[in-house]
Amino acid sequence: MFSPTSKITTAQATIIIINYMLAAGVLTLPRTVTEQTQSPDGWISVLLGGVLAVIAGMIIAKLSQQYPKETFYEYSRHIVGKWLGHLISIVFITYFLALGAFEVRVMSEIVDFFLLEGTPSWAIIMTVLWIGLYSITQGLDPIARLFEMIFPITVIIFLTIALMSLGIFEINNLRPVLGDGIMPVLRGVKTTNLSFTCSEIMFILVAFMKKPKNAVKAVVIGTGVVTSFYMITMIMVIGALSVEGVVTRTWPGLDLMRSFEIPGLIFERFESFLLVIWIMQLFATFIITFYAASLGVSQVFKKKPLSCMFGLLPVIYILSCMPKNENDVFILGDTVSHIALYIFGALPILLLVISKWRKRGEK
Amino acid sequence: MMRWRNNQYKTQKQHKSDYSTAEKQDQDVLTGNIGYDLEHVKRKIGHNGDVHFRELEITQLHVKAALIFVEGLSDQDLINKGLSVLVMNQPNQVSDEISQSGKGILTSKQIKNQIVSIGDVIDSEKISDIVLNVFMGSTALLIDGIPQAFLLGTVKKQNRSIEEPLSEALVRGPRTGFTEELSTNTALLRQQGKNDQLTLQRFEVGTRLKKDLIIAYMNDIADPKVVEEVRKRVRGIEIDHLPESGYVEQLIEDNYLSPFPQVQSTERPDRVISGLMEGRVAILLDGTPFALIVPVTFSMMLQSPEDYYERWFPSSLIRLLRFIAAMITLFAPALYISFISFHPGLIPTKLAISISGTRQGVPFPSLIEALFMEVAIEILREAGLRLPKPIGPAIGIVGGLIIGEAAVQAGIVSPIMVIVVALTAISSFAIPHYSTGIALRMLRFGAMFCAAVFGLFGVIMYYLLLSSHVVKLKSFGVPYASPAVPYHLKDWKDFVIRMPLLVMKRRPKMMNTDNTKRVK
């Protein structure tokens with residue numbers, strides 16, 4: 001089993017959180033939220049969703065801080081006993097596997113749709129899986145550094161294309177603010193949460209931090225950055241495409257990039273850039289779930305990490321091949337997110353209470 | 001036997017009766033009988049015609065002596081000068097003293113201190129030792145009656161003068177480069193500035209052909225852990241012969257499966273010293289002008305000493321240019337292939353039309369087209385490199401102009417492909433470190449294949465693969481990708497942009513130096 005030997009800094013932890021959260025949402029969130037709200041106020045929903053995510057992440061971080069240097073898989077047995085702890089760990093592992101498979105599948109779908117028509121999806125999935133395996137073999141520290149490499153590219157490209165789309169931005173599309181009252185916004189919050197339920201990585205991350213005290217800080221900054229990314233996306237997309245335009249498009253984020261051209265530059269269309277960072281972000285989310293799952297297997301079943309990684313490879317492959325079409329993929333994503341919402345919304349509070357109570361009992 | 005170890009020996013043959021020489025026949029020790037010893041040494045030397053045996057007589061003492069040296073390896077003048085005392089006819093102080101003390105006794109101490117006027121004298125009684133030293137340029141002096149040979153340090157250094165380094169040309173900067181002579185190189189390092197912290201630790205490497213190797217570091221700056229790691233790895237070298245520091249490089253590098261060079265080689269003393277001042281460790285090997293600097297990071301490979309000699313503004317721009325050149329070297333042909341073969345929709349329509357217009361009549365897919373030109377240009381480069389200097393440029397003209405032009409005319413490749421390939425090649429030459437340029441050019445082919453199979457997605461995946469490899473790589477404990485990752489924001493002053501010298505107040509943090517202040 002791996003003991004957390006290679007430590008990560010607070011900055012690295014923050015970046016892992018950001019890269020983990022930034023995923024499919026950038027492209028689909030505007031649609032899913034606006035479908036619920038039916039008003040241009042989706043960005044308020046995103047903001048509220050971000051606040052909720054920070055709270056959830058803080059609870060998980062607090063819980064993990066109770067047991068320094070131990071991941072959830074190790075400390076769960078201190079709270080609820082060995083068997084129940086293992087059971088919950090296995091649920092977690094399954095969740096991470098499902099999420100990872102979902103990310104890989106979404107990547108293959110989008111690559112098939114936008115870049116490589118007709119390429120068999122197994123070829124794409126295999127490539128992603130093997131490169132993912134290579135990048136996680138040496139533990140969390142290299143993963144963190146890889147994310148540090150991806151992150152600036154993401155920020156630069158994202159902000160550049162967001163600025164460029166200002167040309168077709170119509171502030172009137174965002175008005176009126178709260179015209180339909182607060183209810184549509186709250187309906188949207190539930191959907192945004194699906195994009196934000198990624199604080200669960202703190203169950204594992206805190207154990208690897210050089211300064212576990214800063215875990216809350218990392219959660220707040222990380223979620224804050226992601227929230228602002230999503231808010232910019234929401235505002236730009238709705239501002240450019242209007243509410244009606246957003247609802248009818250599968251990938252409104254990409255369509256935004258397709259809907260304007262800036263002549264005179266080498267590239268007149270910028271969706272290729274968005275695809276680049278987006279594939280990188282999906283890959284990032286995938287490898288961290290893959291790592292979290294194999295860490296779980298190795299710690300619960302006391303096996304060597306490398307063999308766990310190899311062993312989980314076919315599992316992820318089979319899981320990712322299960323959805324039959326694009327709709328199934330989104331249904332899988334929704335299901336995973338819903339489950340996550342229930343598990344990670346309620347469970348940490350419960351565990352935190354139990355662990356506090358136990359510690360008091362010990363004194 | 002203790003008697004032989006005494007400092008005092010009788011110069012005459014009295015002892016012959018004490019010990020029979022036959023006893024020592026097969027032993028590796030001198031007997032003191034000059035005739036017999038010479039025979040023995042000659043046998044040991046075997047059929048080596050370049051070894052000279054010069055027998056002479058020390059007139060004052062009437063003692064026979066012999067000199068053994070290798071022609072050309074030993075400095076004849078030095079021998080003559082140093083030994084003139086021995087054979088000169090006029091009486092001198094020593095022989096006076098000896099005569100006065102009577103009994104004609106000559107001690108080895110006297111020989112060392114008074115007769116031989118050469119700086120470096122070692123005494124040895126082992127024949128194998130003598131033979132080894134003679135072959136390395138020493139002159140062995142045997143004196144009858146003394147079962148010891150005096151090895152005189154008469155090594156004549158075969159070296160060239162200090163010249164401007166060929167592989168690292170600068171517009172501005174010192175013109176001195178290392179030579180093949182280790183002592184010259186260490187002297188060049190010492191001459192860079194008065195400092196008592198520069199440590200030059202000597203090692204002997206090579207199991208069969210032994211060579212000196214020197215580890216240089218600043219005692220109060222370098223991280224002791226790094227220095228110890230270098231020592232450990234150098235001691236671990238077990239190979240019979242190291243002809244060049246490239247051997248050392250390959251034997252001490254962290255990951256020999258990686259395509260990236262993990263040791264920096266340089267011919268420039270100024271570069272080595274700047275490295276030492278940043279807390280790095282240099283390795284110098286006898287017989288090569290290339291010194292090695294460790295630990296290195298990838299960004300170092302894109303830097304030139306000139307970045308620091310010129311003012312910061314142009315230097316920063318040039319550095320930026322090099323980073324762009326590195327990216328072009330790696331990805332330009334791959335991006336071309338992926339855009340042309342898979343996603344013509346992603347490039348501007350007019351450009352796409354003009355490219356497909358030029359590609360009309362080209363019978364090959366773009367990968368074959370690119371491979372054809374890339375391989376051609378690599379062959380040209382290699383040919384130009386190995387040919388004698390006057391012919392080299394001619395190859396460039398013949399290859400570059402004629403083949404490029406003819407290939408387009410013949411419709412084998414499209415003109416835009418030629419532009420892409422030429423741009424890539426020139427970009428790779430803009431990288432100051434030769435082996436990094438090669439590494440990037442090599443990796444470029446991988447990118448091209450990925451692009452040919454998966455298009456833009458393949459290029460992204462290839463980038464991710466390379467990144468995951470680079471972030472895992474460490475050079476002597478320092479992450480290879482630093483200072484880019486992990487973020488050392490303070491070190492970014494000297495990364496893509498070279499800030500003014502007064503702003504770079506501290507030594508690189510990634511090197512974990514003992515002493516951090518550079519500017520007060």
# chains A, B, ... in the order shown; residues from 1 in each chain; ligands from 1
>>> select_by_dssp(residues="segment 226-427 of chain B", states="alpha helix (DSSP H)", output="PyMOL selection string")
chain B and resi 226-235+245-252+269-277+298-301+306-309+312-341+349-358+366-386+392-396+404-409+415-427
>>> residues_around(residues="segment 178-186 of chain B", least_positions_apart="4", cutoff="12 Å", atoms="only C-alpha atoms", output="PyMOL selection string")
chain B and resi 156-168+174+190-192+198-202+211-217+243-245+265-273+282-292
>>> atom_distance(atom1="atom CA of Lys44 of chain B", atom2="atom CA of Val29 of chain B")
12.1 Å
>>> interface_residues(of="chain B", to="chain A", cutoff="12 Å", atoms="only C-alpha atoms", output="VMD selection string")
chain B and resid 335 338 to 339 341 to 352 450 to 474 479 to 489
>>> select_by_dssp(residues="segment 268-506 of chain B", states="strand (DSSP E)", output="PyMOL selection string")
chain B and resi 281-285+291-294+474-475+478-479
>>> write_last_selection(atoms="all heavy atoms", output="short mmCIF file (atom, residue, chain, number, x, y, z; two decimals), in the first residue's frame")
data_model
loop_
_atom_site.label_atom_id
_atom_site.label_comp_id
_atom_site.auth_asym_id
_atom_site.auth_seq_id
_atom_site.Cartn_x
_atom_site.Cartn_y
_atom_site.Cartn_z
N VAL B 281 26.97 21.49 -9.34
CA VAL B 281 28.24 20.77 -9.22
C VAL B 281 28.75 20.50 -10.62
O VAL B 281 27.98 20.12 -11.51
CB VAL B 281 28.04 19.44 -8.46
CG1 VAL B 281 29.35 18.71 -8.33
CG2 VAL B 281 27.44 19.70 -7.11
N ALA B 282 30.05 20.72 -10.84
CA ALA B 282 30.63 20.46 -12.15
C ALA B 282 31.51 19.22 -12.07
O ALA B 282 32.11 18.94 -11.04
CB ALA B 282 31.43 21.65 -12.62
N ILE B 283 31.57 18.49 -13.16
CA ILE B 283 32.41 17.30 -13.22
C ILE B 283 33.35 17.47 -14.41
O ILE B 283 32.89 17.68 -15.54
CB ILE B 283 31.56 16.03 -13.40
CG1 ILE B 283 30.61 15.87 -12.23
CG2 ILE B 283 32.44 14.81 -13.53
CD1 ILE B 283 29.54 14.85 -12.46
N LEU B 284 34.66 17.40 -14.15
CA LEU B 284 35.63 17.54 -15.22
C LEU B 284 36.39 16.23 -15.35
O LEU B 284 36.81 15.65 -14.35
CB LEU B 284 36.61 18.67 -14.92
CG LEU B 284 36.04 20.08 -14.87
CD1 LEU B 284 35.76 20.46 -13.44
CD2 LEU B 284 36.98 21.07 -15.49
N LEU B 285 36.56 15.79 -16.57
CA LEU B 285 37.28 14.55 -16.81
C LEU B 285 38.53 14.86 -17.60
O LEU B 285 38.52 15.73 -18.47
CB LEU B 285 36.38 13.58 -17.58
CG LEU B 285 36.97 12.19 -17.84
CD1 LEU B 285 37.00 11.41 -16.54
CD2 LEU B 285 36.15 11.45 -18.88
N ALA B 291 33.04 19.79 -19.88
CA ALA B 291 32.73 19.62 -18.47
C ALA B 291 31.24 19.36 -18.34
O ALA B 291 30.46 19.74 -19.22
CB ALA B 291 33.11 20.88 -17.70
N LEU B 292 30.85 18.70 -17.27
CA LEU B 292 29.44 18.40 -17.05
C LEU B 292 28.93 19.23 -15.88
O LEU B 292 29.65 19.44 -14.90
CB LEU B 292 29.25 16.92 -16.72
CG LEU B 292 29.83 15.93 -17.71
CD1 LEU B 292 29.66 14.52 -17.19
CD2 LEU B 292 29.15 16.07 -19.05
N ILE B 293 27.71 19.69 -16.00
CA ILE B 293 27.10 20.42 -14.90
C ILE B 293 25.84 19.68 -14.47
O ILE B 293 25.02 19.31 -15.30
CB ILE B 293 26.72 21.86 -15.31
CG1 ILE B 293 27.94 22.61 -15.85
CG2 ILE B 293 26.14 22.61 -14.14
CD1 ILE B 293 27.64 24.00 -16.32
N VAL B 294 25.72 19.43 -13.18
CA VAL B 294 24.51 18.81 -12.62
C VAL B 294 24.14 19.59 -11.36
O VAL B 294 25.01 20.20 -10.75
CB VAL B 294 24.75 17.34 -12.25
CG1 VAL B 294 24.89 16.49 -13.48
CG2 VAL B 294 25.94 17.19 -11.34
N LYS B 474 13.76 13.57 -12.51
CA LYS B 474 14.52 14.40 -11.58
C LYS B 474 15.98 14.31 -11.97
O LYS B 474 16.44 13.27 -12.44
CB LYS B 474 14.34 13.90 -10.15
CG LYS B 474 13.04 14.35 -9.55
CD LYS B 474 12.99 14.03 -8.08
CE LYS B 474 11.74 14.64 -7.47
NZ LYS B 474 11.70 14.50 -6.04
N SER B 475 16.69 15.40 -11.78
CA SER B 475 18.12 15.38 -12.01
C SER B 475 18.80 15.62 -10.67
O SER B 475 18.70 16.71 -10.13
CB SER B 475 18.50 16.46 -13.02
OG SER B 475 19.88 16.61 -13.07
N VAL B 478 16.65 17.27 -8.11
CA VAL B 478 15.96 18.51 -8.47
C VAL B 478 14.99 18.19 -9.60
O VAL B 478 15.39 17.61 -10.60
CB VAL B 478 16.97 19.58 -8.93
CG1 VAL B 478 16.24 20.81 -9.42
CG2 VAL B 478 17.89 19.93 -7.80
N PRO B 479 13.70 18.54 -9.42
CA PRO B 479 12.73 18.24 -10.48
C PRO B 479 13.18 18.85 -11.80
O PRO B 479 13.56 20.01 -11.86
CB PRO B 479 11.44 18.87 -9.98
CG PRO B 479 11.60 18.98 -8.52
CD PRO B 479 13.06 19.17 -8.27
#
>>> residues_around(residues="Phe476 of chain B", least_positions_apart="5", cutoff="10 Å", atoms="only C-alpha atoms", output="count of residues only")
14
>>> residues_around(residues="Ala98 of chain A", least_positions_apart="4", cutoff="12 Å", atoms="only C-alpha atoms", output="tab-separated table (two decimals) with N, CA, C and O atoms, in the first residue's frame")
chain	number	residue	atom	x	y	z
A	91	VAL	N	-17.71	1.88	-1.63
A	91	VAL	CA	-18.66	2.77	-2.32
A	91	VAL	C	-17.89	3.92	-2.95
A	91	VAL	O	-18.11	4.28	-4.12
A	92	PHE	N	-16.95	4.49	-2.21
A	92	PHE	CA	-16.14	5.60	-2.72
A	92	PHE	C	-15.37	5.16	-3.97
A	92	PHE	O	-15.35	5.86	-4.98
A	93	ILE	N	-14.74	4.00	-3.86
A	93	ILE	CA	-13.94	3.52	-4.99
A	93	ILE	C	-14.82	3.37	-6.22
A	93	ILE	O	-14.48	3.81	-7.32
A	94	THR	N	-16.00	2.79	-6.00
A	94	THR	CA	-16.91	2.61	-7.13
A	94	THR	C	-17.27	3.96	-7.72
A	94	THR	O	-17.31	4.13	-8.94
A	102	PHE	N	-16.80	7.89	-16.73
A	102	PHE	CA	-17.64	8.90	-17.35
A	102	PHE	C	-16.80	9.95	-18.07
A	102	PHE	O	-17.06	10.29	-19.22
A	103	GLU	N	-15.75	10.42	-17.39
A	103	GLU	CA	-14.90	11.45	-18.01
A	103	GLU	C	-14.27	10.93	-19.30
A	103	GLU	O	-14.24	11.61	-20.32
A	104	VAL	N	-13.78	9.69	-19.22
A	104	VAL	CA	-13.14	9.12	-20.41
A	104	VAL	C	-14.14	9.00	-21.55
A	104	VAL	O	-13.86	9.35	-22.70
A	105	ARG	N	-15.34	8.56	-21.18
A	105	ARG	CA	-16.34	8.37	-22.22
A	105	ARG	C	-16.73	9.70	-22.84
A	105	ARG	O	-16.87	9.82	-24.05
A	286	PHE	N	-9.87	12.75	-15.02
A	286	PHE	CA	-9.81	11.29	-15.12
A	286	PHE	C	-8.65	10.73	-14.30
A	286	PHE	O	-8.84	9.79	-13.53
A	289	THR	N	-9.28	10.75	-10.54
A	289	THR	CA	-10.22	9.72	-10.08
A	289	THR	C	-9.59	8.34	-10.16
A	289	THR	O	-9.76	7.51	-9.27
A	290	PHE	N	-8.86	8.11	-11.23
A	290	PHE	CA	-8.17	6.84	-11.41
A	290	PHE	C	-7.21	6.62	-10.24
A	290	PHE	O	-7.19	5.54	-9.61
A	292	ALA	N	-7.34	8.06	-7.29
A	292	ALA	CA	-8.07	7.93	-6.03
A	292	ALA	C	-8.62	6.51	-5.90
A	292	ALA	O	-8.56	5.90	-4.82
A	293	ALA	N	-9.13	5.97	-7.00
A	293	ALA	CA	-9.69	4.62	-6.96
A	293	ALA	C	-8.60	3.60	-6.68
A	293	ALA	O	-8.77	2.71	-5.83
A	312	LEU	N	-7.25	-1.99	-12.33
A	312	LEU	CA	-8.45	-1.18	-12.51
A	312	LEU	C	-8.61	-0.70	-13.96
A	312	LEU	O	-9.68	-0.27	-14.35
A	315	VAL	N	-11.33	-2.40	-15.75
A	315	VAL	CA	-12.62	-2.07	-15.14
A	315	VAL	C	-13.13	-0.75	-15.68
A	315	VAL	O	-14.29	-0.62	-16.09
A	316	ILE	N	-12.22	0.24	-15.69
A	316	ILE	CA	-12.63	1.55	-16.20
A	316	ILE	C	-13.02	1.45	-17.66
A	316	ILE	O	-14.00	2.03	-18.11
A	317	TYR	N	-12.25	0.65	-18.39
A	317	TYR	CA	-12.55	0.51	-19.83
A	317	TYR	C	-13.96	-0.02	-20.01
A	317	TYR	O	-14.75	0.51	-20.78
A	318	ILE	N	-14.29	-1.11	-19.27
A	318	ILE	CA	-15.61	-1.72	-19.44
A	318	ILE	C	-16.70	-0.73	-19.02
A	318	ILE	O	-17.69	-0.54	-19.72
A	319	LEU	N	-16.47	-0.06	-17.88
A	319	LEU	CA	-17.46	0.91	-17.42
A	319	LEU	C	-17.69	2.00	-18.46
A	319	LEU	O	-18.83	2.39	-18.71
A	320	SER	N	-16.60	2.46	-19.07
A	320	SER	CA	-16.74	3.58	-20.00
A	320	SER	C	-17.40	3.13	-21.29
A	320	SER	O	-17.92	3.95	-22.03
A	321	CYS	N	-17.38	1.84	-21.57
A	321	CYS	CA	-18.02	1.37	-22.80
A	321	CYS	C	-19.48	1.05	-22.58
A	321	CYS	O	-20.19	0.72	-23.53
A	322	MET	N	-19.96	1.10	-21.33
A	322	MET	CA	-21.32	0.66	-21.07
A	322	MET	C	-22.41	1.54	-21.68
A	322	MET	O	-23.33	1.01	-22.28
A	323	PRO	N	-22.32	2.87	-21.56
A	323	PRO	CA	-23.40	3.68	-22.17
A	323	PRO	C	-23.45	3.48	-23.68
A	323	PRO	O	-22.39	3.44	-24.33
A	329	VAL	N	-24.71	8.50	-21.93
A	329	VAL	CA	-23.55	9.07	-21.25
A	329	VAL	C	-23.99	10.15	-20.28
A	329	VAL	O	-23.58	10.18	-19.12
A	332	LEU	N	-25.65	8.66	-17.36
A	332	LEU	CA	-24.64	8.12	-16.43
A	332	LEU	C	-24.05	9.25	-15.59
A	332	LEU	O	-23.95	9.13	-14.37
A	333	GLY	N	-23.71	10.35	-16.28
A	333	GLY	CA	-23.12	11.48	-15.57
A	333	GLY	C	-24.05	12.02	-14.51
A	333	GLY	O	-23.66	12.25	-13.37
A	334	ASP	N	-25.34	12.16	-14.88
A	334	ASP	CA	-26.31	12.67	-13.92
A	334	ASP	C	-26.45	11.74	-12.74
A	334	ASP	O	-26.49	12.18	-11.59
A	335	THR	N	-26.51	10.42	-13.05
A	335	THR	CA	-26.67	9.46	-11.96
A	335	THR	C	-25.50	9.54	-11.00
A	335	THR	O	-25.69	9.62	-9.78
A	336	VAL	N	-24.29	9.52	-11.59
A	336	VAL	CA	-23.10	9.59	-10.74
A	336	VAL	C	-23.15	10.84	-9.87
A	336	VAL	O	-22.93	10.79	-8.66
A	337	SER	N	-23.50	11.97	-10.50
A	337	SER	CA	-23.51	13.22	-9.74
A	337	SER	C	-24.57	13.19	-8.65
A	337	SER	O	-24.34	13.68	-7.55
A	339	ILE	N	-25.79	10.57	-7.10
A	339	ILE	CA	-25.31	9.70	-6.01
A	339	ILE	C	-24.30	10.47	-5.18
A	339	ILE	O	-24.36	10.47	-3.95
A	340	ALA	N	-23.38	11.15	-5.89
A	340	ALA	CA	-22.34	11.89	-5.19
A	340	ALA	C	-22.95	12.93	-4.26
A	340	ALA	O	-22.51	13.13	-3.14
